[in-house]
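This is upload-v8.txt (compact mmCIF, C-alpha atoms and all ligand atoms).
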```
# COMPACT_ATOMS: atom_id res chain seq x y z
CA MET A 1 18.23 -7.69 21.67
CA THR A 2 15.78 -7.08 24.51
CA ASN A 3 16.73 -10.27 26.28
CA SER A 4 20.09 -8.92 27.31
CA SER A 5 18.90 -5.53 28.53
CA ALA A 6 20.43 -3.89 31.55
CA ILE A 7 17.84 -2.92 34.14
CA ARG A 8 17.90 0.04 36.50
CA ILE A 9 15.29 0.68 39.17
CA SER A 10 15.57 4.01 40.95
CA GLY A 11 13.65 5.57 43.81
CA LEU A 12 10.74 3.18 43.46
CA THR A 13 8.17 4.22 46.04
CA LYS A 14 4.71 2.87 46.83
CA ARG A 15 2.24 3.96 49.49
CA PHE A 16 -1.05 2.37 50.45
CA GLY A 17 -2.94 5.15 52.22
CA ALA A 18 -0.66 6.52 54.91
CA THR A 19 1.64 3.48 54.84
CA THR A 20 4.82 3.59 52.79
CA VAL A 21 5.32 0.03 51.56
CA LEU A 22 8.26 0.65 49.21
CA ASN A 23 10.71 3.20 50.45
CA GLY A 24 12.68 4.36 47.43
CA ILE A 25 14.08 1.09 46.07
CA ASP A 26 17.26 1.38 44.00
CA LEU A 27 18.42 -1.72 42.18
CA ASP A 28 20.58 -2.41 39.15
CA ILE A 29 20.23 -5.81 37.50
CA ALA A 30 22.80 -7.09 35.02
CA PRO A 31 21.74 -9.04 31.93
CA GLY A 32 21.43 -12.71 32.88
CA GLU A 33 21.55 -12.00 36.59
CA ARG A 34 19.49 -14.20 38.91
CA ILE A 35 18.39 -12.40 42.04
CA VAL A 36 16.50 -13.92 44.97
CA ILE A 37 14.58 -11.69 47.39
CA ILE A 38 13.99 -12.89 50.93
CA GLY A 39 12.45 -11.23 53.94
CA PRO A 40 9.60 -11.36 56.44
CA SER A 41 6.01 -11.18 55.22
CA GLY A 42 4.47 -7.74 54.86
CA THR A 43 7.84 -6.29 53.88
CA GLY A 44 6.95 -5.17 50.36
CA LYS A 45 8.44 -8.04 48.32
CA SER A 46 5.27 -8.68 46.32
CA THR A 47 4.62 -4.96 45.99
CA LEU A 48 8.10 -4.47 44.51
CA LEU A 49 7.48 -7.15 41.88
CA ARG A 50 3.97 -5.86 41.19
CA CYS A 51 5.26 -2.29 40.75
CA LEU A 52 7.89 -3.54 38.27
CA ASN A 53 5.02 -4.85 36.11
CA TYR A 54 2.69 -1.92 36.97
CA LEU A 55 0.16 -4.35 38.43
CA ASP A 56 0.49 -1.85 41.27
CA ARG A 57 1.26 1.66 40.11
CA PRO A 58 4.24 3.11 41.97
CA ASP A 59 3.85 6.60 43.45
CA ALA A 60 7.35 7.62 42.41
CA GLY A 61 10.45 6.27 40.79
CA GLN A 62 11.82 5.04 37.51
CA ILE A 63 12.14 1.66 35.86
CA ARG A 64 14.59 1.41 32.99
CA ILE A 65 14.85 -1.73 30.89
CA GLY A 66 17.13 -1.38 27.91
CA ASP A 67 15.91 1.59 25.88
CA LEU A 68 12.61 1.88 27.76
CA THR A 69 12.23 4.24 30.71
CA VAL A 70 8.97 4.35 32.66
CA ASP A 71 8.69 7.12 35.22
CA ALA A 72 5.80 7.03 37.70
CA ALA A 73 5.43 10.79 37.35
CA HIS A 74 4.28 10.54 33.74
CA ALA A 75 3.72 6.89 32.78
CA ARG A 76 1.19 6.54 29.97
CA ALA A 77 -0.73 3.48 28.82
CA ALA A 78 1.71 2.84 25.97
CA ASP A 79 4.68 2.90 28.37
CA ILE A 80 2.92 0.48 30.68
CA LEU A 81 2.17 -1.96 27.84
CA ALA A 82 5.80 -1.74 26.72
CA LEU A 83 6.91 -2.43 30.29
CA ARG A 84 4.62 -5.46 30.51
CA ARG A 85 6.19 -6.88 27.35
CA ARG A 86 9.54 -6.66 29.09
CA THR A 87 8.54 -8.04 32.51
CA ALA A 88 6.88 -11.44 32.65
CA PHE A 89 5.13 -12.27 35.93
CA VAL A 90 4.72 -15.69 37.58
CA PHE A 91 2.13 -15.64 40.36
CA GLN A 92 2.02 -17.64 43.59
CA ASN A 93 -1.49 -18.92 42.81
CA TYR A 94 -0.73 -19.48 39.07
CA ALA A 95 -3.55 -17.06 38.05
CA LEU A 96 -4.49 -19.17 35.02
CA PHE A 97 -7.73 -18.56 33.14
CA ALA A 98 -9.99 -21.39 34.33
CA ASN A 99 -12.02 -21.34 31.11
CA LYS A 100 -8.98 -21.61 28.84
CA THR A 101 -6.85 -24.64 28.01
CA ALA A 102 -3.15 -24.78 28.80
CA ARG A 103 -2.39 -23.75 25.20
CA GLN A 104 -4.91 -20.89 25.29
CA ASN A 105 -3.48 -19.67 28.60
CA ILE A 106 -0.13 -19.30 26.85
CA THR A 107 -1.44 -17.81 23.58
CA GLU A 108 -3.58 -15.21 25.39
CA ALA A 109 -0.63 -13.04 26.43
CA LEU A 110 1.11 -13.59 23.09
CA ILE A 111 -1.93 -12.24 21.27
CA THR A 112 -2.90 -9.41 23.65
CA VAL A 113 0.50 -8.31 25.00
CA LYS A 114 2.81 -9.21 22.12
CA GLY A 115 0.30 -8.73 19.30
CA LEU A 116 1.17 -12.05 17.63
CA PRO A 117 -1.20 -13.46 14.98
CA LYS A 118 -3.03 -16.54 16.25
CA PRO A 119 -1.20 -19.21 14.17
CA GLU A 120 2.18 -17.91 15.35
CA ALA A 121 0.94 -17.71 18.93
CA ASN A 122 -0.23 -21.34 18.71
CA ALA A 123 3.09 -22.51 17.29
CA ARG A 124 4.99 -20.68 20.01
CA ALA A 125 2.68 -22.07 22.72
CA ASP A 126 3.18 -25.62 21.46
CA ALA A 127 6.95 -25.19 21.52
CA ILE A 128 6.73 -23.92 25.11
CA LEU A 129 4.44 -26.77 26.12
CA ARG A 130 6.96 -29.28 24.73
CA ASP A 131 9.77 -27.46 26.50
CA THR A 132 7.98 -27.57 29.86
CA GLY A 133 7.02 -31.23 29.50
CA LEU A 134 3.34 -30.43 29.00
CA ALA A 135 2.84 -31.32 25.32
CA ASP A 136 0.15 -33.87 26.18
CA LYS A 137 -1.71 -31.30 28.32
CA ALA A 138 -2.15 -28.65 25.62
CA ASP A 139 -5.91 -29.08 25.48
CA SER A 140 -6.46 -29.62 29.22
CA TYR A 141 -8.17 -27.04 31.38
CA PRO A 142 -6.44 -25.96 34.62
CA ALA A 143 -8.90 -27.93 36.78
CA ALA A 144 -7.66 -31.14 35.14
CA LEU A 145 -4.00 -30.35 35.93
CA SER A 146 -2.02 -30.92 39.11
CA GLY A 147 -0.74 -27.88 41.01
CA GLY A 148 2.73 -28.50 39.61
CA GLN A 149 1.43 -28.70 36.05
CA GLN A 150 -0.64 -25.53 36.53
CA GLN A 151 2.38 -23.62 37.75
CA ARG A 152 4.45 -24.97 34.86
CA VAL A 153 1.78 -23.52 32.55
CA GLY A 154 2.08 -20.26 34.52
CA ILE A 155 5.83 -20.26 33.99
CA GLY A 156 5.41 -21.30 30.33
CA ARG A 157 3.07 -18.37 29.79
CA ALA A 158 5.71 -16.04 31.20
CA MET A 159 8.49 -17.72 29.17
CA ALA A 160 6.47 -17.24 25.99
CA LEU A 161 6.81 -13.46 26.29
CA ASP A 162 10.58 -13.81 25.89
CA ALA A 163 10.94 -10.90 28.30
CA PRO A 164 14.24 -9.44 29.42
CA LEU A 165 13.08 -9.77 33.04
CA MET A 166 11.04 -12.57 34.64
CA LEU A 167 9.41 -11.91 38.01
CA PHE A 168 8.49 -14.82 40.29
CA ASP A 169 6.40 -14.14 43.40
CA GLU A 170 6.69 -17.19 45.67
CA PRO A 171 6.05 -19.56 42.76
CA THR A 172 6.07 -22.72 44.90
CA SER A 173 4.36 -21.45 48.07
CA ALA A 174 0.87 -22.57 47.05
CA LEU A 175 2.00 -26.03 45.95
CA ASP A 176 1.64 -29.32 47.77
CA PRO A 177 5.16 -30.47 48.64
CA GLU A 178 5.05 -33.24 46.02
CA TRP A 179 4.90 -30.67 43.17
CA VAL A 180 7.57 -28.25 44.37
CA GLY A 181 10.48 -30.16 42.82
CA GLU A 182 9.24 -30.12 39.22
CA VAL A 183 8.57 -26.37 39.38
CA LEU A 184 12.00 -25.64 40.86
CA ASP A 185 13.54 -27.89 38.17
CA LEU A 186 11.94 -25.78 35.45
CA MET A 187 13.14 -22.57 37.13
CA ARG A 188 16.62 -24.07 37.45
CA ARG A 189 16.66 -24.66 33.69
CA LEU A 190 15.66 -21.06 33.09
CA ALA A 191 18.40 -19.93 35.44
CA GLU A 192 20.93 -22.08 33.57
CA SER A 193 19.84 -20.44 30.30
CA ARG A 194 20.84 -17.08 31.84
CA GLN A 195 17.32 -15.73 31.81
CA THR A 196 17.33 -12.60 33.98
CA MET A 197 15.17 -13.46 36.99
CA LEU A 198 13.93 -11.71 40.13
CA ILE A 199 12.54 -14.35 42.46
CA VAL A 200 10.78 -14.00 45.81
CA THR A 201 11.00 -17.37 47.54
CA HIS A 202 11.40 -19.13 50.86
CA GLU A 203 13.25 -22.01 49.17
CA MET A 204 16.64 -21.20 50.70
CA GLN A 205 18.45 -24.23 49.25
CA PHE A 206 17.25 -23.29 45.77
CA ALA A 207 18.37 -19.69 46.37
CA ARG A 208 21.84 -20.90 47.38
CA GLU A 209 22.08 -22.95 44.19
CA ILE A 210 20.91 -20.50 41.56
CA ALA A 211 21.18 -16.95 42.87
CA ASP A 212 23.96 -14.63 41.80
CA ARG A 213 22.74 -12.24 44.46
CA VAL A 214 20.37 -12.42 47.42
CA LEU A 215 18.51 -9.34 48.66
CA PHE A 216 17.13 -9.18 52.18
CA MET A 217 14.17 -6.80 52.39
CA GLU A 218 12.48 -5.41 55.47
CA GLY A 219 10.17 -2.45 55.93
CA GLY A 220 10.08 -1.57 52.24
CA ARG A 221 13.85 -1.31 51.98
CA ILE A 222 16.70 -3.49 50.77
CA VAL A 223 18.52 -3.96 54.07
CA GLU A 224 21.36 -6.13 52.85
CA GLN A 225 22.49 -7.82 49.66
CA GLY A 226 25.29 -10.05 48.49
CA PRO A 227 26.18 -13.42 47.05
CA PRO A 228 24.28 -16.30 48.68
CA ALA A 229 27.40 -17.67 50.40
CA GLN A 230 27.79 -14.35 52.21
CA ILE A 231 24.13 -13.65 53.04
CA PHE A 232 23.40 -17.18 54.25
CA THR A 233 26.60 -17.84 56.17
CA ALA A 234 27.83 -14.42 57.27
CA PRO A 235 25.00 -11.86 57.21
CA GLN A 236 26.21 -8.42 58.22
CA ASP A 237 22.91 -6.96 59.41
CA PRO A 238 21.34 -8.30 62.62
CA ARG A 239 17.89 -8.19 60.95
CA THR A 240 19.08 -10.56 58.22
CA ALA A 241 20.65 -12.88 60.78
CA ASP A 242 17.50 -12.85 62.88
CA PHE A 243 15.29 -13.64 59.88
CA LEU A 244 17.52 -16.51 58.74
CA ARG A 245 17.58 -17.98 62.26
CA ARG A 246 13.80 -18.07 62.22
CA VAL A 247 13.34 -19.63 58.76
CA THR A 248 16.23 -22.09 58.46
P1 LIG B 301 5.30 -9.24 51.21
O1 LIG B 301 5.13 -9.73 49.81
O2 LIG B 301 6.71 -8.93 51.56
O3 LIG B 301 4.68 -10.18 52.20
P2 LIG B 301 3.48 -7.15 50.40
O4 LIG B 301 4.20 -6.43 49.33
O5 LIG B 301 2.42 -8.11 49.99
O6 LIG B 301 4.54 -7.86 51.36
O7 LIG B 301 2.80 -6.12 51.37
C1 LIG B 301 3.51 -5.07 51.98
C2 LIG B 301 2.56 -4.24 52.80
O8 LIG B 301 1.66 -3.58 51.94
C3 LIG B 301 1.73 -5.05 53.78
O9 LIG B 301 1.60 -4.31 54.96
C4 LIG B 301 0.41 -5.16 53.09
O10 LIG B 301 -0.62 -5.28 54.02
C5 LIG B 301 0.33 -3.87 52.32
N1 LIG B 301 -0.46 -4.00 51.08
C6 LIG B 301 -0.16 -4.78 50.03
N2 LIG B 301 -1.07 -4.63 49.05
C7 LIG B 301 -2.00 -3.75 49.50
C8 LIG B 301 -3.19 -3.17 48.96
N3 LIG B 301 -3.62 -3.49 47.72
N4 LIG B 301 -3.86 -2.27 49.71
C9 LIG B 301 -3.41 -1.94 50.95
N5 LIG B 301 -2.29 -2.43 51.52
C10 LIG B 301 -1.60 -3.33 50.81
MG MG B 302 4.28 -11.48 49.09
```

Would you put the structure from the file into structure tokens?
Ligand code: ADP
Ligand code: MG
Amino acid sequence: MTNSSAIRISGLTKRFGATTVLNGIDLDIAPGERIVIIGPSGTGKSTLLRCLNYLDRPDAGQIRIGDLTVDAAHARAADILALRRRTAFVFQNYALFANKTARQNITEALITVKGLPKPEANARADAILRDTGLADKADSYPAALSGGQQQRVGIGRAMALDAPLMLFDEPTSALDPEWVGEVLDLMRRLAESRQTMLIVTHEMQFAREIADRVLFMEGGRIVEQGPPAQIFTAPQDPRTADFLRRVT
């Protein structure tokens, strides 16, 4: 059952030109674990998530999800497709197809990434749309949806993959404040269902509520990690303390 796969990231390294943005990240994630990543901007949080989905190709390191191992030294197209089936990405700016309806935005990945026949993809999309409270928006284009509805489609599209790991890159940062709550509510439900999640967010209250573990990143490294009660109330590293003083 892929949805309960253990995940091991080792030595994940990414350079842009002469700059090392990820400095050999090691991270084990237990099935059902909900991890929140915090840290200053420009620290490599997005790059870490993007490398886990091979949206950015890492320069070195291994990603293991269940029985799949993808090593940057010899990753082939088939490995990368297999990895993408196992890591569903939710983008800050939703990244929906503007010329596709809500339903088509969800079926697209099911057809191209999962290889589902169209009738099955449609049935699955409709179930997801009901589940995310968007049944009446199935035939709406993104431009006709609120920011909150668009991001719920973005999350629904990721949910549809039924992936053992969901990656969220600041999923509420682009939203007007009035839409943040409904998106966090949907993510809370996913967290309650023990979906394995890796979430970059500045929503510290949300992190306190749902995270099993909080990682503080700076300079392409995981500087400190622990349960939210420890990280938020008694950070051990002065860089974590300094960051939290500035954002809370
Ligand atoms: P964060 O998400 O923590 O704000 P990022 O992962 O987006 O940080 O970026 C980390 C660093 O990598 C930044 O210095 C950023 O400018 C750089 N960077 C990110 N993507 C690219 C890219 N495609 N080309 C060059 N530099 C990049
Ligand atoms: Mg970022």

- Give as an MDAnalysis selection string the residues surrounding ligand MG 302 (chain B) up to a distance of 12 Å, considering only C-alpha atoms and all ligand atoms. chainID A and resid 21 37:50 91:93 168:171 173:174 199:202 217 220

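The spacing separating atom P1 of ligand LIG 301 (chain B) from atom CA of Asp79 of chain A amounts to 25.9 Å.
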
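Nearest residue to ligand LIG 301 (chain B), choosing from A:Gly11, A:Pro31, A:Gly17, A:Pro58 and counting only C-alpha atoms and all ligand atoms: A:Gly17.
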
- Using all atoms listed in the file, the best pick from A:Ala127, A:Leu134, A:Met187, A:Ala6 as closest to Leu68 of chain A would be A:Ala6

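Comparing A:Gly148, A:Pro142, A:Gly226, A:Gly219 by their smallest distance to ligand LIG 301 (chain B), the closest is A:Gly219 (using all atoms listed in the file).
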
Find the spatial neighbours of Leu198 of chain A, counting all atoms listed in the file, within a cut-off of 7 Å - ignore same-chain residues fewer than 5 positions away - and output them as a JSON list (two decimals) with C-alpha atoms, in the coordinates of the input.
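Dumped everything to out06.json:
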```json
[["chain", "number", "residue", "atom", "x", "y", "z"],
["A", 34, "ARG", "CA", 19.49, -14.20, 38.91],
["A", 35, "ILE", "CA", 18.39, -12.40, 42.04],
["A", 36, "VAL", "CA", 16.50, -13.92, 44.97],
["A", 166, "MET", "CA", 11.04, -12.57, 34.64],
["A", 167, "LEU", "CA", 9.41, -11.91, 38.01],
["A", 168, "PHE", "CA", 8.49, -14.82, 40.29]]
```

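The list of residues with at least one atom within 10 Å of Ala138 of chain A, based on all atoms listed in the file and without residues fewer than 5 positions apart in the same chain, reads Thr101, Ala102, Arg103, Gln104, Asn105, Ile106, Ala125, Asp126, Leu129, Arg130 and Val153 of chain A.
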
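Atom pair atom CA of Asp28 of chain A / atom CA of Ile7 of chain A has a distance of 5.7 Å (rounded to one decimal).
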
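Distances here use all atoms listed in the file; by that measure, the residue among A:Cys51, A:Ala191, A:Ile9, A:Tyr94 closest to ligand LIG 301 (chain B) is A:Cys51.
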
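Summary of the local environment: counting all atoms listed in the file, residues at most 8 Å from Pro227 of chain A, other than itself and those fewer than 2 positions away along its chain, are Ala211, Asp212, Arg213, Val214, Gln225, Ala229, Gln230 and Ile231 of chain A.
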
- Item | Of the listed residues A:Glu224, A:Glu108, A:Asp67, A:Asp56, that which approaches ligand LIG 301 (chain B) most closely, counting all atoms listed in the file | A:Asp56

- So, counting only C-alpha atoms and all ligand atoms, which residue among A:Ala82, A:Leu55, A:Ala30, A:Ile128 is closest to ligand LIG 301 (chain B)? A:Leu55

Using 6 Å of padding on each side, determine the axis-aligned box around all atoms of ligand LIG 301 (chain B) present in the file and give its centre and edge lengths in Å to one decimal, as JSON.
```
{"center_x": 1.4, "center_y": -6.1, "center_z": 51.3, "size_x": 22.6, "size_y": 20.2, "size_z": 19.2}
```

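Going from atom CA of Pro177 of chain A over to atom C10 of ligand LIG 301 (chain B), you cover 28.1 Å.
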
- Task: For Arg57 of chain A, work out the shell of residues within 10 Å, counting all atoms listed in the file and skipping chain neighbours fewer than 3 positions away, then give it as a VMD selection string.
- Result: chain A and resid 13 to 15 47 50 to 54 60 72 75 80

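If you count all atoms listed in the file and draw a sphere of 10 Å around (11.5, -26.0, 38.3), the protein and nucleic acid residues inside it come out as A:Thr132, A:Gly148, A:Gln151, A:Arg152, A:Ile155, A:Pro171, A:Thr172, A:Trp179, A:Val180, A:Gly181, A:Glu182, A:Val183, A:Leu184, A:Asp185, A:Leu186, A:Met187, A:Arg188, A:Arg189, A:Leu190, A:Ala191, A:Phe206.
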
- Message: Could you list, as a list in words, every residue within 9 Å of Arg86 of chain A, counting only C-alpha atoms and ignoring same-chain residues fewer than 6 positions away?
- Response: Thr2, Asn3, Asn53, Ile65, Leu161, Asp162, Ala163, Pro164, Leu165 and Met166 of chain A

Please return segment 42-53 of chain A, rebuilt to N, CA and C atoms, as an mmCIF file, in the frame of the given file.
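The resulting rebuild-v8.cif:
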```
data_model
loop_
_atom_site.group_PDB
_atom_site.id
_atom_site.type_symbol
_atom_site.label_atom_id
_atom_site.label_comp_id
_atom_site.auth_asym_id
_atom_site.auth_seq_id
_atom_site.Cartn_x
_atom_site.Cartn_y
_atom_site.Cartn_z
ATOM 1 N N GLY A 42 4.922 -9.110 54.652
ATOM 2 C CA GLY A 42 4.470 -7.740 54.860
ATOM 3 C C GLY A 42 5.560 -6.705 54.647
ATOM 4 N N THR A 43 6.650 -7.122 54.014
ATOM 5 C CA THR A 43 7.840 -6.290 53.880
ATOM 6 C C THR A 43 7.878 -5.508 52.570
ATOM 7 N N GLY A 44 6.990 -5.885 51.635
ATOM 8 C CA GLY A 44 6.950 -5.170 50.360
ATOM 9 C C GLY A 44 7.540 -5.956 49.195
ATOM 10 N N LYS A 45 7.832 -7.242 49.395
ATOM 11 C CA LYS A 45 8.440 -8.040 48.320
ATOM 12 C C LYS A 45 7.489 -8.163 47.128
ATOM 13 N N SER A 46 6.245 -8.561 47.417
ATOM 14 C CA SER A 46 5.270 -8.680 46.320
ATOM 15 C C SER A 46 5.003 -7.320 45.692
ATOM 16 N N THR A 47 4.901 -6.295 46.513
ATOM 17 C CA THR A 47 4.620 -4.960 45.990
ATOM 18 C C THR A 47 5.745 -4.502 45.059
ATOM 19 N N LEU A 48 6.983 -4.816 45.395
ATOM 20 C CA LEU A 48 8.100 -4.470 44.510
ATOM 21 C C LEU A 48 7.917 -5.139 43.152
ATOM 22 N N LEU A 49 7.668 -6.459 43.155
ATOM 23 C CA LEU A 49 7.480 -7.150 41.880
ATOM 24 C C LEU A 49 6.284 -6.598 41.124
ATOM 25 N N ARG A 50 5.194 -6.348 41.845
ATOM 26 C CA ARG A 50 3.970 -5.860 41.190
ATOM 27 C C ARG A 50 4.190 -4.455 40.597
ATOM 28 N N CYS A 51 4.964 -3.632 41.287
ATOM 29 C CA CYS A 51 5.260 -2.290 40.750
ATOM 30 C C CYS A 51 6.141 -2.392 39.499
ATOM 31 N N LEU A 52 7.010 -3.394 39.445
ATOM 32 C CA LEU A 52 7.890 -3.540 38.270
ATOM 33 C C LEU A 52 7.094 -3.904 37.020
ATOM 34 N N ASN A 53 5.906 -4.482 37.220
ATOM 35 C CA ASN A 53 5.020 -4.850 36.110
ATOM 36 C C ASN A 53 3.837 -3.878 36.001
#
```
